[in-house]
Amino acid sequence: MRINGEVRQKKTNTSDMIFPVEEMVSYFSKVMTLLPGDLILTGAPPGVGGMKVGDTVEVIIQGIGTLRHGVVAGAKP
């Protein structure tokens, strides 16, 4: 993962997650309807650091491609 072109995470794998992906998808599909295109956000391993409005975040998934998105202002609590 990169923020503004700077590598913040490298060589992270889903096998490092606390719960297997299959278990999470199974659980979520039991408590809500999952539709094509839905994303399940699971958090991040150490090293990401903070992000601010205007930053560009890139997530690279080998064999799939790169997801690039700008950080925008969110709702205030």
# chains A, B, ... in the order shown; residues from 1 in each chain; ligands from 1
>>> residues_around(residues="Pro45 of chain A", least_positions_apart="4", cutoff="10 Å", atoms="only C-alpha atoms", output="PyMOL selection string")
chain A and resi 9+12-13+16-17
>>> residues_around(residues="Asp55 of chain A", least_positions_apart="5", cutoff="6 Å", atoms="only C-alpha atoms", output="VMD selection string")
chain A and resid 4 70 to 71
>>> select_by_dssp(residues="chain A", states="alpha helix (DSSP H)", output="VMD selection string")
chain A and resid 21 to 31
>>> select_by_dssp(residues="chain A", states="strand (DSSP E)", output="JSON, numbers by chain")
{"A": [2, 3, 6, 7, 56, 57, 58, 59, 60, 61, 65, 66, 67, 68, 69, 70]}
>>> atom_distance(atom1="atom CA of Glu22 of chain A", atom2="atom CA of Asp38 of chain A")
15.2 Å
>>> closest_residue(among="A:Glu23, A:Leu41, A:Lys11, A:Glu6", to="Ile61 of chain A", atoms="only C-alpha atoms")
A:Lys11
>>> closest_residue(among="A:Thr56, A:Leu67, A:Gly5, A:Lys10", to="Ala44 of chain A", atoms="only C-alpha atoms")
A:Lys10
>>> closest_residue(among="A:Ile3, A:Gln62, A:Arg8, A:Val21", to="Val48 of chain A", atoms="only C-alpha atoms")
A:Arg8
>>> closest_residue(among="A:Ser15, A:Lys52, A:Val57, A:Lys30", to="Val72 of chain A", atoms="only C-alpha atoms")
A:Lys52
>>> atom_distance(atom1="atom CA of Glu58 of chain A", atom2="atom CA of Gly43 of chain A")
14.9 Å
>>> atom_distance(atom1="atom CA of Phe19 of chain A", atom2="atom CA of Ile40 of chain A")
12.9 Å
